[in-house]
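J.: Enclosed is the structure file model.txt (compact mmCIF, C-alpha atoms).
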```txt
# COMPACT_ATOMS: atom_id res chain seq x y z
CA MET A 1 12.37 -18.79 -5.68
CA THR A 2 15.97 -18.86 -4.49
CA GLU A 3 17.10 -20.54 -1.31
CA LYS A 4 18.32 -17.18 -0.03
CA LYS A 5 14.85 -15.68 -0.22
CA ARG A 6 13.33 -18.64 1.61
CA LYS A 7 15.74 -18.10 4.50
CA ILE A 8 14.86 -14.45 4.96
CA GLY A 9 11.17 -15.07 5.35
CA TYR A 10 9.60 -15.06 1.90
CA ALA A 11 6.29 -16.86 1.55
CA PRO A 12 6.36 -20.06 -0.54
CA ARG A 13 4.38 -19.97 -3.77
CA VAL A 14 1.99 -22.60 -2.42
CA PHE A 15 0.11 -19.82 -0.62
CA THR A 16 -3.47 -19.13 -1.54
CA PRO A 17 -4.09 -16.29 -4.02
CA ARG A 18 -5.21 -13.10 -2.34
CA ASN A 19 -8.76 -13.16 -3.79
CA SER A 20 -9.48 -16.77 -2.84
CA THR A 21 -11.08 -17.91 0.41
CA GLU A 22 -9.41 -21.33 0.32
CA GLY A 23 -6.55 -22.08 2.65
CA PHE A 24 -8.02 -20.47 5.75
CA LEU A 25 -9.52 -22.31 8.69
CA ARG A 26 -11.24 -25.62 8.03
CA ALA A 27 -14.36 -24.84 10.04
CA LEU A 28 -15.98 -21.84 11.64
CA PRO A 29 -15.40 -21.62 15.40
CA ALA A 30 -18.28 -21.47 17.83
CA GLY A 31 -19.74 -17.99 17.99
CA ALA A 32 -18.54 -17.06 14.51
CA SER A 33 -20.87 -19.08 12.31
CA SER A 34 -23.51 -18.04 9.81
CA GLY A 35 -26.04 -15.69 11.34
CA LYS A 36 -23.62 -14.83 14.14
CA PHE A 37 -21.62 -12.05 12.54
CA TRP A 38 -22.11 -8.35 13.01
CA ARG A 39 -23.92 -6.82 10.06
CA TRP A 40 -22.10 -4.03 8.27
CA GLY A 41 -25.01 -1.64 7.80
CA ASP A 42 -28.71 -2.40 8.21
CA ASP A 43 -28.71 -4.86 5.30
CA ASN A 44 -25.05 -5.94 5.68
CA MET A 45 -24.28 -4.36 2.28
CA PHE A 46 -23.00 -0.95 3.37
CA PRO A 47 -19.52 -1.53 1.83
CA HIS A 48 -21.14 -2.18 -1.55
CA ALA A 49 -23.07 1.10 -1.32
CA LEU A 50 -19.87 3.00 -0.48
CA ALA A 51 -17.99 1.35 -3.36
CA LEU A 52 -20.80 2.14 -5.81
CA MET A 53 -20.88 5.79 -4.76
CA SER A 54 -17.11 6.09 -5.19
CA ARG A 55 -17.46 4.85 -8.77
CA ARG A 56 -20.08 7.45 -9.60
CA SER A 57 -18.77 10.67 -8.04
CA THR A 58 -15.62 11.89 -9.80
CA THR A 59 -14.36 14.26 -7.09
CA HIS A 60 -15.12 11.76 -4.35
CA ARG A 61 -13.14 9.04 -6.14
CA ARG A 62 -10.25 11.37 -6.93
CA ILE A 63 -9.84 12.29 -3.26
CA ILE A 64 -9.89 8.63 -2.18
CA ASN A 65 -7.25 7.75 -4.79
CA ASP A 66 -5.05 10.71 -3.87
CA LYS A 67 -5.26 10.11 -0.12
CA ALA A 68 -4.21 6.49 -0.62
CA ASP A 69 -1.28 7.54 -2.83
CA TYR A 70 -0.07 10.24 -0.45
CA ILE A 71 -0.34 7.91 2.55
CA THR A 72 1.63 5.24 0.69
CA GLY A 73 4.38 7.73 -0.18
CA LYS A 74 7.28 7.05 -2.53
CA GLY A 75 8.77 4.03 -0.83
CA PHE A 76 10.44 3.23 2.50
CA SER A 77 13.57 4.26 4.32
CA LEU A 78 15.31 2.09 6.94
CA ASP A 79 18.62 1.81 8.71
CA GLU A 80 21.50 0.02 7.00
CA GLY A 81 22.49 -3.37 8.30
CA LEU A 82 18.97 -4.85 8.21
CA PRO A 83 19.17 -7.23 5.23
CA ARG A 84 16.14 -9.35 6.11
CA LEU A 85 13.93 -6.31 6.56
CA ALA A 86 15.22 -4.69 3.35
CA ASP A 87 14.50 -7.85 1.33
CA PHE A 88 11.09 -8.27 2.96
CA VAL A 89 10.06 -4.72 2.00
CA GLU A 90 10.69 -5.65 -1.63
CA CYS A 91 8.53 -8.78 -1.53
CA VAL A 92 6.10 -9.48 1.31
CA ASN A 93 4.18 -12.50 0.00
CA GLY A 94 4.18 -15.38 -2.44
CA GLU A 95 2.53 -13.26 -5.12
CA GLY A 96 5.59 -11.04 -5.34
CA GLU A 97 3.88 -7.93 -3.97
CA SER A 98 5.97 -5.26 -2.28
CA LEU A 99 5.17 -3.70 1.07
CA ARG A 100 4.23 -0.48 -0.74
CA GLN A 101 1.63 -2.31 -2.87
CA VAL A 102 0.01 -3.91 0.17
CA LEU A 103 0.10 -0.63 2.11
CA ASN A 104 -1.49 1.23 -0.81
CA ARG A 105 -4.45 -1.16 -0.89
CA LEU A 106 -4.87 -0.93 2.86
CA ALA A 107 -4.81 2.89 2.65
CA PHE A 108 -7.35 2.83 -0.20
CA ASP A 109 -9.77 0.58 1.72
CA LYS A 110 -9.42 2.65 4.87
CA SER A 111 -10.08 5.88 2.95
CA LEU A 112 -13.09 4.36 1.18
CA PHE A 113 -14.68 2.14 3.85
CA GLY A 114 -13.18 3.43 7.09
CA ASN A 115 -11.97 -0.19 7.55
CA ALA A 116 -9.06 -2.22 6.21
CA PHE A 117 -7.87 -5.79 6.70
CA ALA A 118 -4.32 -7.19 6.52
CA GLU A 119 -3.70 -10.93 6.72
CA ILE A 120 -0.60 -12.37 8.38
CA VAL A 121 0.75 -15.81 7.44
CA THR A 122 3.60 -17.61 9.19
CA ASP A 123 4.38 -20.97 10.80
CA SER A 124 4.83 -22.17 14.36
CA ALA A 125 8.61 -21.75 14.13
CA ARG A 126 8.25 -18.19 12.75
CA SER A 127 10.63 -19.15 9.96
CA PHE A 128 8.92 -16.90 7.40
CA LEU A 129 6.37 -14.10 7.18
CA SER A 130 3.88 -13.09 4.53
CA LEU A 131 1.48 -10.15 4.47
CA TYR A 132 -1.65 -9.97 2.32
CA HIS A 133 -4.31 -7.38 1.79
CA GLN A 134 -7.89 -8.65 2.03
CA ASP A 135 -10.70 -6.79 0.26
CA ALA A 136 -12.66 -5.08 3.05
CA SER A 137 -15.98 -5.65 1.26
CA ARG A 138 -15.46 -9.41 1.70
CA CYS A 139 -14.82 -9.22 5.45
CA ARG A 140 -17.22 -9.21 8.41
CA VAL A 141 -16.60 -9.27 12.16
CA GLY A 142 -17.75 -12.43 13.96
CA ARG A 143 -20.15 -12.17 16.87
CA ASP A 144 -17.43 -13.38 19.19
CA ASP A 145 -15.36 -10.28 18.21
CA ARG A 146 -12.35 -12.59 17.85
CA HIS A 147 -12.62 -13.65 14.21
CA ILE A 148 -12.96 -12.05 10.79
CA LEU A 149 -15.29 -13.93 8.43
CA LEU A 150 -14.64 -13.89 4.69
CA HIS A 151 -17.14 -14.58 1.94
CA HIS A 152 -16.99 -13.81 -1.78
CA ASP A 153 -20.65 -12.70 -1.99
CA TRP A 154 -22.40 -11.50 1.15
CA LEU A 155 -25.61 -10.89 -0.76
CA HIS A 156 -25.96 -14.67 -1.17
CA TYR A 157 -23.81 -15.91 1.68
CA SER A 158 -23.88 -19.42 3.11
CA GLU A 159 -22.01 -20.95 6.01
CA ALA A 160 -20.36 -23.43 3.66
CA GLY A 161 -18.75 -20.58 1.71
CA MET A 162 -17.48 -18.63 4.72
CA LYS A 163 -14.01 -18.87 6.20
CA ALA A 164 -12.83 -17.50 9.54
CA VAL A 165 -9.46 -15.99 10.47
CA PRO A 166 -8.61 -15.04 14.08
CA LEU A 167 -7.88 -11.44 14.94
CA TYR A 168 -4.22 -10.75 15.65
CA PRO A 169 -2.45 -11.55 17.98
CA GLU A 170 -4.36 -14.85 17.93
CA PHE A 171 -3.48 -17.28 15.12
CA GLY A 172 -5.37 -20.20 13.60
CA VAL A 173 -4.12 -23.14 11.57
CA GLY A 174 -5.36 -23.12 7.97
CA GLU A 175 -5.84 -25.91 5.46
CA ASP A 176 -2.35 -25.17 4.15
CA GLY A 177 -0.89 -26.00 7.58
CA PHE A 178 0.34 -22.46 8.22
CA LEU A 179 -0.78 -19.97 10.87
CA HIS A 180 -3.15 -17.19 9.81
CA ALA A 181 -4.23 -14.01 11.59
CA MET A 182 -5.98 -10.80 10.58
CA ILE A 183 -5.34 -7.16 11.48
CA HIS A 184 -8.49 -5.00 11.45
CA TYR A 185 -7.99 -1.26 10.99
CA LYS A 186 -11.01 0.94 11.64
CA ASP A 187 -11.75 4.64 11.98
CA TYR A 188 -13.29 5.49 15.31
CA GLU A 189 -16.88 6.73 15.40
CA PRO A 190 -19.06 7.05 18.52
CA MET A 191 -21.86 4.45 18.72
CA PHE A 192 -20.05 2.15 16.24
CA GLU A 193 -18.11 -0.61 17.98
CA HIS A 194 -17.54 -3.37 15.45
CA TYR A 195 -16.82 -1.43 12.26
CA GLY A 196 -15.23 1.89 11.53
CA VAL A 197 -17.03 4.70 9.71
CA PRO A 198 -15.36 6.56 6.81
CA PRO A 199 -14.42 10.16 7.64
CA TYR A 200 -16.52 11.52 4.77
CA ILE A 201 -19.75 10.09 6.21
CA ALA A 202 -21.25 13.59 6.51
CA GLY A 203 -20.61 14.14 2.80
CA MET A 204 -22.47 11.14 1.40
CA ASN A 205 -25.47 13.23 0.36
CA VAL A 206 -23.35 15.84 -1.43
CA SER A 207 -21.49 13.05 -3.22
CA ALA A 208 -24.86 11.85 -4.48
CA ILE A 209 -25.71 15.41 -5.56
CA ALA A 210 -22.47 15.67 -7.54
CA TYR A 211 -23.26 12.36 -9.25
CA LYS A 212 -26.82 13.43 -10.10
CA THR A 213 -25.76 16.77 -11.55
CA ASP A 214 -23.24 14.93 -13.73
CA ARG A 215 -25.96 12.53 -14.84
CA TRP A 216 -28.24 15.48 -15.66
CA ASN A 217 -25.54 16.95 -17.91
CA ILE A 218 -25.09 13.57 -19.62
CA SER A 219 -28.83 13.48 -20.34
CA ARG A 220 -28.63 16.94 -21.88
CA LEU A 221 -25.69 15.87 -24.02
CA ASP A 222 -27.46 12.71 -25.16
CA ASN A 223 -30.40 14.85 -26.31
CA SER A 224 -28.20 17.44 -28.06
CA PHE A 225 -29.26 20.09 -25.50
CA GLN A 226 -32.79 20.15 -26.91
CA LEU A 227 -35.49 21.82 -24.85
CA SER A 228 -38.03 19.68 -23.09
CA GLY A 229 -41.60 20.06 -24.14
CA VAL A 230 -45.15 18.73 -24.20
CA MET A 231 -46.81 17.34 -27.34
CA LEU A 232 -50.61 17.66 -27.21
CA LEU A 233 -52.38 15.14 -29.41
CA ASP A 234 -56.03 14.91 -30.23
CA GLY A 235 -57.52 11.70 -28.98
CA GLY A 236 -59.61 10.22 -26.28
CA VAL A 237 -59.78 7.65 -23.53
CA ASP A 238 -62.67 5.49 -22.43
CA ASN A 239 -62.43 6.22 -18.73
CA GLU A 240 -60.48 8.08 -16.05
CA GLU A 241 -58.40 5.02 -15.19
CA GLN A 242 -56.97 4.89 -18.72
CA ALA A 243 -56.16 8.60 -18.54
CA GLU A 244 -54.28 8.19 -15.26
CA GLU A 245 -52.34 5.24 -16.65
CA LEU A 246 -51.26 7.36 -19.63
CA VAL A 247 -50.04 10.08 -17.28
CA ARG A 248 -48.09 7.61 -15.13
CA ALA A 249 -46.51 5.98 -18.18
CA ALA A 250 -45.41 9.39 -19.50
CA GLU A 251 -43.91 10.36 -16.13
CA ARG A 252 -41.99 7.09 -15.84
CA LYS A 253 -40.52 7.45 -19.30
CA PHE A 254 -39.83 11.14 -19.64
CA ALA A 255 -39.79 12.85 -16.24
CA GLY A 256 -36.46 14.29 -15.13
CA LYS A 257 -34.71 13.91 -18.50
CA PRO A 258 -33.99 17.20 -20.26
CA GLY A 259 -34.60 17.30 -23.97
CA GLN A 260 -37.40 14.73 -23.80
CA VAL A 261 -40.96 15.13 -24.97
CA MET A 262 -44.03 14.31 -22.90
CA PHE A 263 -47.00 13.23 -25.01
CA MET A 264 -50.46 14.09 -23.77
CA ILE A 265 -53.76 13.03 -25.30
CA LYS A 266 -56.87 15.18 -24.96
CA ASP A 267 -60.39 15.27 -26.38
CA CYS A 268 -61.22 18.12 -28.75
CA ASP A 269 -64.74 19.18 -29.66
CA GLN A 270 -63.86 20.25 -33.19
CA GLY A 271 -60.80 20.69 -35.41
CA ASP A 272 -57.27 19.47 -34.78
CA SER A 273 -55.57 21.20 -31.83
CA SER A 274 -52.38 19.08 -31.81
CA ARG A 275 -49.38 21.25 -30.97
CA TYR A 276 -45.95 21.20 -29.36
CA ILE A 277 -45.30 23.40 -26.31
CA PRO A 278 -41.56 23.85 -25.49
CA ILE A 279 -40.54 24.17 -21.85
CA ALA A 280 -37.76 26.72 -21.50
CA SER A 281 -35.50 26.35 -18.47
CA SER A 282 -33.76 29.31 -16.88
CA ASN A 283 -32.07 27.44 -14.02
CA GLU A 284 -28.76 26.63 -15.71
CA GLY A 285 -26.87 28.72 -13.18
CA ASP A 286 -28.60 27.01 -10.29
CA TRP A 287 -27.43 23.58 -11.47
CA ARG A 288 -23.82 24.72 -11.87
CA GLU A 289 -23.82 26.37 -8.45
CA LEU A 290 -25.33 23.25 -6.92
CA HIS A 291 -22.61 21.10 -8.47
CA ASP A 292 -19.81 23.46 -7.39
CA GLN A 293 -21.15 23.63 -3.84
CA ALA A 294 -21.45 19.84 -3.66
CA THR A 295 -17.85 19.49 -4.87
CA SER A 296 -16.57 21.89 -2.22
CA ASP A 297 -18.53 20.07 0.48
CA ILE A 298 -17.03 16.73 -0.58
CA VAL A 299 -13.52 18.10 -0.08
CA VAL A 300 -14.45 19.44 3.36
CA ALA A 301 -16.08 16.15 4.39
CA HIS A 302 -12.88 14.29 3.49
CA SER A 303 -10.77 16.70 5.58
CA TRP A 304 -8.79 17.23 2.40
CA PHE A 305 -7.64 20.15 0.23
CA ARG A 306 -8.78 21.50 -3.13
CA SER A 307 -5.35 21.90 -4.71
CA LEU A 308 -4.43 18.30 -3.79
CA SER A 309 -7.65 17.11 -5.47
CA GLY A 310 -6.93 18.71 -8.85
CA LEU A 311 -9.89 21.11 -8.56
CA ASP A 312 -8.09 24.43 -9.09
CA TYR A 313 -5.70 23.54 -11.90
CA ALA A 314 -7.94 25.26 -14.46
CA SER A 315 -7.42 28.63 -12.77
CA GLY A 316 -3.64 28.26 -12.75
CA PHE A 317 -0.98 25.99 -11.29
CA ASP A 318 -0.03 27.63 -7.99
CA SER A 319 2.90 25.56 -6.75
CA GLU A 320 3.23 27.57 -3.55
CA ARG A 321 -0.37 26.87 -2.57
CA ILE A 322 0.02 23.19 -3.41
CA LEU A 323 3.14 22.93 -1.27
CA HIS A 324 1.47 24.78 1.61
CA GLU A 325 -1.63 22.58 1.56
CA TYR A 326 0.53 19.46 1.22
CA GLU A 327 2.43 20.45 4.38
CA VAL A 328 -0.85 20.89 6.24
CA ALA A 329 -2.17 17.57 4.94
CA LEU A 330 1.10 15.87 5.85
CA ASN A 331 0.93 16.98 9.46
CA THR A 332 -2.82 16.54 9.97
CA VAL A 333 -3.78 13.48 7.90
CA ILE A 334 -0.95 11.68 6.12
CA LEU A 335 1.52 11.08 8.97
CA ALA A 336 -1.24 9.98 11.35
CA GLU A 337 -2.60 7.45 8.83
CA GLN A 338 0.89 6.14 8.08
CA ALA A 339 1.57 5.60 11.76
CA GLU A 340 -1.73 3.78 12.27
CA LEU A 341 -1.17 1.45 9.32
CA LEU A 342 2.51 0.74 9.93
CA GLU A 343 2.60 0.29 13.71
CA PRO A 344 1.01 -3.21 13.86
CA LEU A 345 2.94 -4.29 10.74
CA ARG A 346 6.22 -3.24 12.35
CA ASN A 347 5.38 -5.28 15.45
CA VAL A 348 4.66 -8.37 13.34
CA MET A 349 7.80 -7.94 11.24
CA GLN A 350 9.98 -7.41 14.30
CA SER A 351 8.70 -10.53 16.06
CA VAL A 352 9.12 -12.80 13.00
CA LEU A 353 12.12 -11.32 11.20
CA ARG A 354 13.88 -10.72 14.54
CA GLU A 355 15.22 -7.35 13.47
CA ASP A 356 14.65 -3.87 14.84
CA CYS A 357 11.98 -2.42 12.52
CA SER A 358 11.54 0.91 14.28
CA SER A 359 13.54 2.69 11.57
CA LEU A 360 11.09 1.66 8.84
CA GLN A 361 9.44 4.86 7.65
CA VAL A 362 7.48 5.99 4.60
CA ILE A 363 9.30 8.40 2.30
CA ASN A 364 7.06 11.45 1.83
CA ARG A 365 7.68 13.78 -1.06
CA PRO A 366 5.57 16.82 -2.07
CA PRO A 367 3.81 16.74 -5.46
CA THR A 368 5.95 19.66 -6.70
CA ARG A 369 9.58 20.52 -6.09
CA SER A 370 10.03 23.27 -3.54
CA LYS A 371 13.70 23.99 -4.32
CA PRO A 372 15.52 24.38 -7.65
CA LEU A 373 17.77 21.43 -8.41
CA TYR A 374 20.75 23.74 -8.96
CA MET A 375 20.68 24.93 -5.32
CA LYS A 376 23.18 23.55 -2.86
CA VAL A 377 21.98 21.83 0.30
CA TRP A 378 23.20 24.62 2.59
CA GLU A 379 21.37 27.18 0.42
CA ALA A 380 18.17 25.16 0.61
CA ARG A 381 18.48 24.86 4.40
CA LYS A 382 19.09 28.59 4.68
CA ALA A 383 15.97 29.32 2.60
CA ASP A 384 13.94 27.10 4.95
CA GLY A 385 15.25 28.88 8.04
CA LEU A 386 17.26 25.84 9.22
CA ASP A 387 20.80 25.67 10.54
CA TYR A 388 23.34 25.52 7.74
CA ASP A 389 27.08 25.27 7.30
CA PRO A 390 28.54 26.31 3.93
CA GLU A 391 31.82 24.61 4.91
CA ASN A 392 30.24 21.21 5.50
CA PRO A 393 31.15 18.91 2.56
CA LEU A 394 27.75 17.20 2.73
CA GLU A 395 25.94 20.53 2.42
CA GLN A 396 28.07 21.42 -0.59
CA LEU A 397 26.12 18.86 -2.64
CA PHE A 398 23.48 20.09 -5.05
CA VAL A 399 19.81 19.29 -4.45
CA ALA A 400 19.85 17.42 -7.77
CA GLN A 401 22.54 15.06 -6.44
CA ILE A 402 20.69 14.00 -3.30
CA THR A 403 17.41 13.74 -5.22
CA LYS A 404 18.99 11.43 -7.76
CA TYR A 405 20.52 9.33 -4.96
CA ALA A 406 17.17 9.01 -3.17
CA MET A 407 15.35 8.02 -6.38
CA ARG A 408 17.98 5.37 -7.11
CA ASN A 409 17.51 3.86 -3.65
CA ILE A 410 13.72 3.79 -4.05
CA ASP A 411 13.90 2.17 -7.48
```
Would you put the structure from the file into structure tokens?

T.:
Amino acid sequence: MTEKKRKIGYAPRVFTPRNSTEGFLRALPAGASSGKFWRWGDDNMFPHALALMSRRSTTHRRIINDKADYITGKGFSLDEGLPRLADFVECVNGEGESLRQVLNRLAFDKSLFGNAFAEIVTDSARSFLSLYHQDASRCRVGRDDRHILLHHDWLHYSEAGMKAVPLYPEFGVGEDGFLHAMIHYKDYEPMFEHYGVPPYIAGMNVSAIAYKTDRWNISRLDNSFQLSGVMLLDGGVDNEEQAEELVRAAERKFAGKPGQVMFMIKDCDQGDSSRYIPIASSNEGDWRELHDQATSDIVVAHSWFRSLSGLDYASGFDSERILHEYEVALNTVILAEQAELLEPLRNVMQSVLREDCSSLQVINRPPTRSKPLYMKVWEARKADGLDYDPENPLEQLFVAQITKYAMRNID
């Protein structure tokens, strides 16, 4: 790392990797030890349940991914004459991550868990600053409400494996000798004080329905769409207990899987009455309607939009609808989330880098182009109902020119 980068606040490479718990505080403070943290869910494993559900429901996962990407935007804009801030945006920690990468992970965690955690590292002289994202599933709030506890496996946690980091603006000295603090983002929910609740909480059941209908279709595909049925076999059992055990074994093995065969054994007085009885199902439409309804409910629960979730592309690519829904999402969800995530980070950067960071903003760009590239700026402003001046040299530029300039600055 060059000497120039060290002067502008880059984190030395001796910093702890992001997924390690080493390098934090040496010992847990009083009130934040094992057994004295606030459980996240009844069994303290609620984040794991949310993560598992996001891996199983396709629409649910797509919305989380898209919300994180839209909130992160296409980069950052800031005033000229802020060299330290400009360099810091490009690399915010010793792992070489940019501010956009860290912000994207924070936005993903907040969309998935309703909570996100950003770690701040500096020294007593405030000679450098580093920002890290911490996996929300590894974090718990201490009983003193002043520390965040980290552990790699909360299912088998031990006090020896836990590390504590003070909540910002408090700092604690770590084993590396630097100061550490944690920012805790959380979505407000009445009756929940220590952890946030994801906005889609009302849609958890429909996410499970969407997953189960997908699993049902996979079972049908695995069985080549064969009809279920019952195979009656001649035979006998010694007592009623054996008969019930046969029934339970058949239910455990075959129930709920289309295309499977349930074997039943019965006594016959004479002759061989073995036969196969197919079970025809006429509820195909019901399953599709259930899946479609669950998908629509997931979008509503997320306060999101169908066209931004890729759900209506099969019926045609309506760019006007996409642009309209993007504008609504921008003004109702995206800008608010960006402000919430960036505000504490700006305060930290301003205090350490000693530069005015109020101009730091996320660059938002719609998923489709709303204006042809061959239009001039004044023509585009006129089409949008804005003030325009055809004689202004700046407005004589083509949209393609300013788009190319903006992309070059982002890259």

J.: List the residues sitting within 9 Å of (-9.1, -4.0, 14.6) in the file's frame, using all atoms listed in the file, as a list in words.

T.: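 Every residue inside that radius is included here: Asn115, Ala116, Phe117, Leu167, Tyr168, Met182, Ile183, His184, Tyr185, Lys186, His194 and Tyr195 of chain A.
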
J.: Can you pull out every residue within 12 Å of Ala51 of chain A, counting only C-alpha atoms, but drop anything in the same chain fewer than 2 positions away, and send it as a list of chain:residue names?

T.: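 My list of contacting residues is A:Met45, A:Phe46, A:Pro47, A:His48, A:Ala49, A:Met53, A:Ser54, A:Arg55, A:Arg56, A:Ser57, A:His60, A:Arg61, A:Ile64, A:Phe108, A:Asp109, A:Lys110, A:Ser111, A:Leu112, A:Phe113, A:Gly114, A:Asp135, A:Ala136, A:Ser137, A:Pro198, A:Met204.
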
J.: When distances are computed from only C-alpha atoms, which of A:Leu397, A:Leu106, A:Asn364, A:Trp154 shows the smallest separation from Glu379 of chain A?

T.: A:Leu397

J.: Calculate how many Å separate atom CA of Leu78 of chain A from atom CA of Leu373 of chain A, rounding to one decimal.

T.: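 Interatomic distance, atom CA of Leu78 of chain A to atom CA of Leu373 of chain A: 24.8 Å.
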
J.: For Leu103 of chain A, list every protein, DNA or RNA residue within 10 Å, evaluated using all atoms listed in the file, and leave out those in the same chain fewer than 6 positions away; present the list as a PyMOL selection string.

T.: chain A and resi 68-69+71-73+109+118+131-133+338+341-342+345
